[in-house]
Amino acid sequence: MEIRLTAGSRGAARRVVLLVALLAVLLPLCCWAAPERLRYAIPEELSRGSLVGPLARDVGLNPAELPVRQLRIVSGDEKQYFSLGADNGNLLVNERIDREDICGDVSPCVLSLEVVVENPFNIYHVSVAIHDINDNAPHFDREFVAIEMIESTPPGTRFPLDSCRDPDIGANSLKNYQLTPSPLFSLVVKESPDGRKHAELLLEKNLDREKERNHHLILTAVDGGNPVRSGTAQIKIDVIDANDNPPLFTKEIYKIRLLENLPEGSLAFQVKATDGDEGTNADITYCFSHIANSARQTFSLDPRTGDVKITGPLDYEDVKYYEATVEGKDGGGLSAHAKVHIDIVDVNDNAPSLTLLPILNPVPEDSVPSTVIAVINVRDRDSGDNGEVTCNIEGDLPFRLAESSENTYKLVTESSLDREKISAYNITITARDHGSPALSSRAALVLEVSDVNDNAPVFEEAAYSAYVAENNAAGALMLRVHARDADAGTNGLVSYWLEGDGAGATAPYVSVEARSGAVYAQRSFDYEQCREFAVAVRAQDGGEPARSATATVHVFVLDRNDNAPRVLWPAAASGAGSGGAGASAVPFEVVPRSAEAGYLVAKMVAVDADAGRNAWLSYELVQAPEPGLFRVGLHSGEVRTARAVSERDVSKQRLVAVVKDHGQPALSATATLHVVLAESLQEALPELSEQPAVAASPAELQFSLVLALALLSALFLLSVALAVLSRLRRAGPPAVLRCLDAQRFSSAGPAVPADFCEGTLPSSYNLRVAPGRAVTESAWLLPPAWLPSLAAEDLLSGEPSGKPSPSSSAGPGQPSDDPGAPQVCKAIASSEPLLSSRECTRF
């Protein structure tokens, strides 16, 4: 810095010195805080996450310092094109970068951002240069270019073409143009001062629209990238006409032959001229340049189309031919001429006339052949061959024409008719003369065929099937029968009846409605009584005489589950007595106590009057004194032992089984089987003599439970009282307890003391009989000598007296079956084999 001081400005010099001193102090600070600039370069279109540069390393940070120094981007463009790697601090691509969108034609393309580092604070300027890649192909503003050239354009004329754009720059930008080879056109490429290239189309030769109206070329622009990209535009060249061709008629002389009977306004003929030019140069107008006055009144010429129409009557006898000259002129003033010679031809201009007189309409379908239907009269005003007429019937119909006299014909039937196939005929009679060309006329007759009753009703099905569930309501609809009659009116009106007027065996079962054919059930059906039957339904029309047909209706009764199973065995007992010989027979089975598991006790047999699933039966055991002792087969009904019979099982067993069917809802029945556990029939007889207990009702069972509970409570209180009295007995028992003396019963003799008190001992014993042993009546009348001698208090208190019977087979201290229950042991002498075993009865 150069500072100049003047001698008279000391104050200014002083200020300069202060400024220099201040700069000397602030310059180091400014140099320390001045931002540093980092520069990177990447190509455009990098994928997200691509590496731009090791930013953290370039600013002097290692990965360990990143969490503390807080390296981050604080400024940049609106779009966040870059981001920092969280683990290494690298500068990464965050968003797609398109150089053409960001910078356009500007080069170089640089993106700037600022990066801040804290602790201590510092700021860095980062510049990222975006290099161009050849990612854009040259593009024309218009893909289709239309150019119009007049055919008289001289060779060497140039036509500018649309410029092509390429967003890339440098070597990737547009380099050249190419044109498809053409003998008429070539391509000229020019370069502007700014370096851009422009293409022009050069006409090499003369154009001829009449040879080729359109030319199609393809202009291609290529760039200098690698790989090379290109763009194309289609060029359509339309050649515009020049009036260099005069009109030309298709014929020099038009020779026309017109029929004399052509009506006014009809087209007589047409003159036609063509011009090789187009547009207004090809627009041709027509006019008569020379024509007689008579012809001008008879014909008219359309100047645009060249159509010549008839404007007056033509008559061969008046004028046989006409001559005229027609001129054709285009829009450029060029013209041409053609001669017209018109010959009038005499023609057969009168058509025959027909007169038709109907005789029989409608005609019955049973009419015999040759029946006269109508009479036809034919006339033609022409003469010669033009007046000779021939008549015929169009189409293949069962009719023919019979010539009656000159110019008269009869229309008669040729074969039999059937109204059901064709109910009406459209008869067209054509009369044609022999002229050239022949003329003809037609007469139409609509002939209807009347119906006769020649068709019987026909059922839709020869046999019908109706399915009705049993127990149906009387009057229920089962099905509808339907018969069709091809006749019409009353001949086709069908009514329905039961065959034989309903007097058959099945008449009480069904009825049929006469008009609708609905078949109703007259009663409720029972599948078990009648499973199917058939009735015949007759369909009769209303013709005279009437015709009829019959169809068979098979009615199938479907089963319902309306019958419960019936148990055949074991049969239910009836008239049960009190036992013994007078009792009625009760089904029972004797099962030996030695029976093992699986022993066949009996087989229950049941039947069901229903069918199908309604008759499928299953058996189930619902009541048994020993639930685990017996089982019944689910489908076989076999009652077998589920386990081996034990001594604990009750001798008499009452089994109740239920038999169910598989209907919906299911119906059931019960079967009761009495089983006696005994080794032989003789042993089972005493058990069978007793009346089987009748199943108690719920009220009786409840009462029995209450009574048993009361008895148990009373027995417990009595036991407690007797125990207390027995303890007081040693101190001097009262007289009321003398009957409880332990010496009242002695083993010395059977005598009973006179003061024996009733009710002090049980009145009966429950005796267990060994299997296979029969108990005689005398066994219950044992003398007192055979009874054991026990103290009364031992019996009542449940304590053993310690004096075993002499004949007892059990030793002292031998445990009983139930140690908690008092026992009375009866020692039986060996002279009585039936009671030789030692039995204990629990109280």
# chains A, B, ... in the order shown; residues from 1 in each chain; ligands from 1
call {"tool": "residues_around", "arguments": {"residues": "stretch 185-190 of chain A", "least_positions_apart": "5", "cutoff": "6 Å", "atoms": "only C-alpha atoms", "output": "ChimeraX atom specification"}}
result
/A:197-204
call {"tool": "residues_around", "arguments": {"residues": "stretch 612-622 of chain A", "least_positions_apart": "4", "cutoff": "7 Å", "atoms": "only C-alpha atoms", "output": "ChimeraX atom specification"}}
result
/A:561,608,631-635,637,656-663
call {"tool": "residues_around", "arguments": {"residues": "A:Arg640", "least_positions_apart": "3", "cutoff": "12 Å", "atoms": "only C-alpha atoms", "output": "PyMOL selection string"}}
result
chain A and resi 589+591+595-604+621+628-634+636-637+643-645+655+675
call {"tool": "write_last_selection", "arguments": {"atoms": "N, CA, C and O atoms", "output": "short mmCIF file (atom, residue, chain, number, x, y, z; two decimals), in the first residue's frame"}}
result
data_model
loop_
_atom_site.label_atom_id
_atom_site.label_comp_id
_atom_site.auth_asym_id
_atom_site.auth_seq_id
_atom_site.Cartn_x
_atom_site.Cartn_y
_atom_site.Cartn_z
N GLU A 589 -81.17 -113.12 32.83
CA GLU A 589 -80.02 -113.89 32.40
C GLU A 589 -79.21 -114.24 33.63
O GLU A 589 -79.07 -113.43 34.56
N VAL A 591 -75.66 -115.14 35.08
CA VAL A 591 -74.24 -114.96 34.79
C VAL A 591 -73.44 -115.60 35.92
O VAL A 591 -73.65 -115.26 37.09
N ALA A 595 -67.50 -115.53 35.69
CA ALA A 595 -67.39 -114.95 34.34
C ALA A 595 -66.28 -113.92 34.30
O ALA A 595 -66.12 -113.11 35.20
N GLU A 596 -65.54 -113.94 33.19
CA GLU A 596 -64.46 -112.99 32.99
C GLU A 596 -64.96 -111.81 32.14
O GLU A 596 -66.10 -111.80 31.68
N ALA A 597 -64.07 -110.84 31.92
CA ALA A 597 -64.41 -109.69 31.09
C ALA A 597 -64.67 -110.14 29.64
O ALA A 597 -63.95 -110.96 29.11
N GLY A 598 -65.73 -109.58 29.04
CA GLY A 598 -66.09 -109.94 27.67
C GLY A 598 -67.10 -111.06 27.60
O GLY A 598 -67.44 -111.49 26.50
N TYR A 599 -67.57 -111.54 28.75
CA TYR A 599 -68.56 -112.63 28.77
C TYR A 599 -69.86 -112.11 28.16
O TYR A 599 -70.37 -111.05 28.52
N LEU A 600 -70.43 -112.87 27.16
CA LEU A 600 -71.67 -112.48 26.51
C LEU A 600 -72.84 -112.81 27.42
O LEU A 600 -73.10 -113.97 27.70
N VAL A 601 -73.50 -111.77 27.89
CA VAL A 601 -74.65 -111.94 28.79
C VAL A 601 -75.92 -112.15 27.97
O VAL A 601 -76.66 -113.11 28.20
N ALA A 602 -76.17 -111.28 27.03
CA ALA A 602 -77.39 -111.36 26.21
C ALA A 602 -77.20 -110.45 25.00
O ALA A 602 -76.25 -109.68 24.93
N LYS A 603 -78.11 -110.53 24.07
CA LYS A 603 -78.11 -109.67 22.88
C LYS A 603 -79.48 -109.03 22.78
O LYS A 603 -80.49 -109.72 22.66
N MET A 604 -79.47 -107.72 22.89
CA MET A 604 -80.71 -106.97 22.76
C MET A 604 -81.06 -106.84 21.28
O MET A 604 -80.20 -106.56 20.45
N LEU A 621 -76.16 -98.16 27.39
CA LEU A 621 -76.52 -98.57 28.74
C LEU A 621 -76.65 -97.31 29.59
O LEU A 621 -75.70 -96.54 29.75
N GLY A 628 -69.64 -100.20 36.18
CA GLY A 628 -68.46 -100.70 35.47
C GLY A 628 -68.48 -102.18 35.20
O GLY A 628 -67.49 -102.73 34.72
N LEU A 629 -69.58 -102.86 35.53
CA LEU A 629 -69.60 -104.31 35.38
C LEU A 629 -70.03 -104.73 33.98
O LEU A 629 -69.50 -105.68 33.43
N PHE A 630 -70.99 -104.04 33.40
CA PHE A 630 -71.54 -104.44 32.10
C PHE A 630 -71.36 -103.31 31.09
O PHE A 630 -71.28 -102.14 31.46
N ARG A 631 -71.34 -103.70 29.84
CA ARG A 631 -71.32 -102.76 28.71
C ARG A 631 -72.17 -103.34 27.59
O ARG A 631 -72.36 -104.56 27.51
N VAL A 632 -72.64 -102.44 26.72
CA VAL A 632 -73.48 -102.87 25.61
C VAL A 632 -72.86 -102.38 24.30
O VAL A 632 -72.33 -101.26 24.23
N GLY A 633 -72.87 -103.23 23.28
CA GLY A 633 -72.33 -102.85 21.98
C GLY A 633 -73.16 -101.75 21.35
O GLY A 633 -74.39 -101.79 21.34
N LEU A 634 -72.48 -100.72 20.78
CA LEU A 634 -73.18 -99.55 20.25
C LEU A 634 -74.13 -99.92 19.12
O LEU A 634 -75.26 -99.42 19.07
N SER A 636 -74.31 -103.48 17.90
CA SER A 636 -74.72 -104.88 17.94
C SER A 636 -75.77 -105.15 18.99
O SER A 636 -76.55 -106.11 18.87
N GLY A 637 -75.83 -104.37 20.06
CA GLY A 637 -76.77 -104.63 21.15
C GLY A 637 -76.34 -105.77 22.06
O GLY A 637 -77.12 -106.21 22.91
N ARG A 643 -65.77 -106.33 33.04
CA ARG A 643 -64.68 -106.81 33.89
C ARG A 643 -65.12 -108.15 34.46
O ARG A 643 -66.26 -108.61 34.26
N ALA A 644 -64.24 -108.79 35.21
CA ALA A 644 -64.58 -110.06 35.86
C ALA A 644 -65.55 -109.82 37.01
O ALA A 644 -65.48 -108.80 37.71
N VAL A 645 -66.48 -110.76 37.21
CA VAL A 645 -67.45 -110.68 38.31
C VAL A 645 -66.72 -110.95 39.62
O VAL A 645 -65.91 -111.87 39.73
N LEU A 655 -80.48 -104.00 34.51
CA LEU A 655 -79.84 -103.16 33.50
C LEU A 655 -80.90 -102.52 32.61
O LEU A 655 -81.83 -103.19 32.15
N VAL A 675 -80.36 -109.46 35.46
CA VAL A 675 -79.23 -110.39 35.49
C VAL A 675 -79.06 -110.89 36.91
O VAL A 675 -79.09 -110.10 37.87
#
call {"tool": "select_by_dssp", "arguments": {"residues": "stretch 254-286 of chain A", "states": "strand (DSSP E or B)", "output": "JSON, numbers by chain"}}
result
{"A": [254, 255, 256, 257, 258, 259, 267, 268, 269, 270, 273, 274, 285, 286]}
call {"tool": "residues_around", "arguments": {"residues": "A:Ala534", "least_positions_apart": "2", "cutoff": "6 Å", "atoms": "only C-alpha atoms", "output": "list in words"}}
result
Val553, His554 and Val555 of chain A
call {"tool": "select_by_dssp", "arguments": {"residues": "stretch 282-478 of chain A", "states": "helix (DSSP H, G or I)", "output": "list of chain:residue names"}}
result
A:Ala282, A:Asn293, A:Ser294, A:Ala295, A:Arg296, A:Gln297, A:Thr298, A:Gly384, A:Asp385, A:Asn386, A:Gly387
call {"tool": "closest_residue", "arguments": {"among": "A:Val239, A:Val117, A:Ala64, A:Ile130", "to": "A:Asp98", "atoms": "only C-alpha atoms"}}
result
A:Ile130
call {"tool": "residues_around", "arguments": {"residues": "A:His482", "least_positions_apart": "4", "cutoff": "7 Å", "atoms": "only C-alpha atoms", "output": "PyMOL selection string"}}
result
chain A and resi 459-460+517
call {"tool": "residues_around", "arguments": {"residues": "A:Val512", "least_positions_apart": "6", "cutoff": "12 Å", "atoms": "only C-alpha atoms", "output": "ChimeraX atom specification"}}
result
/A:475-482,495-499,501-502,518-522,535-539,553
call {"tool": "write_last_selection", "arguments": {"atoms": "N, CA, C and O atoms", "output": "CSV table (one decimal), in the first residue's frame"}}
result
chain,number,residue,atom,x,y,z
A,475,GLY,N,-104.1,-82.4,0.6
A,475,GLY,CA,-104.3,-81.2,-0.3
A,475,GLY,C,-103.0,-80.6,-0.7
A,475,GLY,O,-103.0,-79.6,-1.4
A,476,ALA,N,-101.8,-81.1,-0.3
A,476,ALA,CA,-100.5,-80.6,-0.6
A,476,ALA,C,-100.2,-80.8,-2.1
A,476,ALA,O,-100.5,-81.8,-2.7
A,477,LEU,N,-99.6,-79.8,-2.7
A,477,LEU,CA,-99.2,-79.8,-4.1
A,477,LEU,C,-98.0,-80.7,-4.3
A,477,LEU,O,-97.0,-80.5,-3.6
A,478,MET,N,-98.1,-81.7,-5.2
A,478,MET,CA,-96.9,-82.7,-5.4
A,478,MET,C,-96.1,-82.3,-6.6
A,478,MET,O,-94.9,-82.2,-6.6
A,479,LEU,N,-96.8,-82.0,-7.7
A,479,LEU,CA,-96.1,-81.5,-9.0
A,479,LEU,C,-97.1,-81.0,-9.9
A,479,LEU,O,-98.3,-81.1,-9.7
A,480,ARG,N,-96.7,-80.5,-11.0
A,480,ARG,CA,-97.5,-80.1,-12.1
A,480,ARG,C,-97.1,-80.8,-13.4
A,480,ARG,O,-96.0,-80.9,-13.7
A,481,VAL,N,-98.1,-81.3,-14.1
A,481,VAL,CA,-97.9,-81.9,-15.4
A,481,VAL,C,-98.3,-80.9,-16.4
A,481,VAL,O,-99.2,-80.1,-16.2
A,482,HIS,N,-97.7,-81.0,-17.6
A,482,HIS,CA,-98.0,-80.0,-18.6
A,482,HIS,C,-97.9,-80.7,-20.0
A,482,HIS,O,-96.9,-81.4,-20.3
A,495,SER,N,-107.1,-79.8,-21.1
A,495,SER,CA,-107.6,-80.0,-19.7
A,495,SER,C,-107.1,-81.4,-19.3
A,495,SER,O,-106.8,-82.3,-20.1
A,496,TYR,N,-107.0,-81.6,-18.0
A,496,TYR,CA,-106.3,-82.7,-17.4
A,496,TYR,C,-107.3,-83.5,-16.5
A,496,TYR,O,-108.1,-82.9,-15.8
A,497,TRP,N,-107.2,-84.8,-16.6
A,497,TRP,CA,-108.0,-85.7,-15.8
A,497,TRP,C,-107.2,-86.9,-15.4
A,497,TRP,O,-106.2,-87.3,-16.0
A,498,LEU,N,-107.7,-87.6,-14.3
A,498,LEU,CA,-107.1,-88.9,-13.9
A,498,LEU,C,-107.7,-89.9,-14.9
A,498,LEU,O,-108.9,-89.9,-15.2
A,499,GLU,N,-106.8,-90.8,-15.3
A,499,GLU,CA,-107.2,-91.9,-16.2
A,499,GLU,C,-108.3,-92.7,-15.6
A,499,GLU,O,-108.3,-93.1,-14.4
A,501,ASP,N,-111.4,-91.6,-15.1
A,501,ASP,CA,-112.2,-90.7,-14.3
A,501,ASP,C,-112.0,-90.8,-12.8
A,501,ASP,O,-112.9,-90.6,-12.0
A,502,GLY,N,-110.8,-91.2,-12.4
A,502,GLY,CA,-110.5,-91.2,-11.0
A,502,GLY,C,-111.1,-92.4,-10.3
A,502,GLY,O,-111.2,-92.4,-9.0
A,518,ALA,N,-102.1,-79.3,-12.0
A,518,ALA,CA,-101.5,-79.5,-10.7
A,518,ALA,C,-102.0,-80.8,-10.0
A,518,ALA,O,-103.2,-81.0,-10.0
A,519,VAL,N,-101.1,-81.6,-9.5
A,519,VAL,CA,-101.4,-82.9,-8.9
A,519,VAL,C,-101.3,-82.7,-7.4
A,519,VAL,O,-100.2,-82.3,-6.9
A,520,TYR,N,-102.4,-82.9,-6.7
A,520,TYR,CA,-102.5,-82.7,-5.2
A,520,TYR,C,-102.6,-84.1,-4.5
A,520,TYR,O,-103.2,-85.0,-5.1
A,521,ALA,N,-102.1,-84.1,-3.3
A,521,ALA,CA,-102.3,-85.3,-2.5
A,521,ALA,C,-103.6,-85.2,-1.8
A,521,ALA,O,-104.0,-84.2,-1.2
A,522,GLN,N,-104.4,-86.2,-1.8
A,522,GLN,CA,-105.8,-86.2,-1.2
A,522,GLN,C,-105.7,-86.7,0.2
A,522,GLN,O,-106.7,-86.6,0.9
A,535,VAL,N,-100.0,-93.2,-10.9
A,535,VAL,CA,-101.3,-92.8,-11.5
A,535,VAL,C,-101.2,-92.4,-12.9
A,535,VAL,O,-100.1,-91.9,-13.3
A,536,ALA,N,-102.2,-92.5,-13.7
A,536,ALA,CA,-102.2,-92.1,-15.1
A,536,ALA,C,-103.0,-90.8,-15.2
A,536,ALA,O,-104.1,-90.8,-14.8
A,537,VAL,N,-102.4,-89.8,-15.8
A,537,VAL,CA,-103.1,-88.5,-16.0
A,537,VAL,C,-103.3,-88.4,-17.5
A,537,VAL,O,-102.4,-88.6,-18.3
A,538,ARG,N,-104.5,-88.0,-17.9
A,538,ARG,CA,-104.9,-87.9,-19.3
A,538,ARG,C,-105.1,-86.4,-19.6
A,538,ARG,O,-105.7,-85.6,-18.9
A,539,ALA,N,-104.5,-86.0,-20.7
A,539,ALA,CA,-104.6,-84.6,-21.2
A,539,ALA,C,-105.5,-84.6,-22.4
A,539,ALA,O,-105.2,-85.4,-23.4
A,553,VAL,N,-97.6,-90.8,-13.7
A,553,VAL,CA,-97.0,-90.1,-12.6
A,553,VAL,C,-96.6,-91.1,-11.5
A,553,VAL,O,-97.5,-91.7,-10.9
call {"tool": "atom_distance", "arguments": {"atom1": "atom CA of A:Glu151", "atom2": "atom CA of A:Thr250"}}
result
25.5 Å
call {"tool": "closest_residue", "arguments": {"among": "A:Asp162, A:Asp208, A:Asp343, A:Glu148", "to": "A:Asp238", "atoms": "only C-alpha atoms"}}
result
A:Glu148
call {"tool": "atom_distance", "arguments": {"atom1": "atom CA of A:Ser47", "atom2": "atom CA of A:Val126"}}
result
20.2 Å
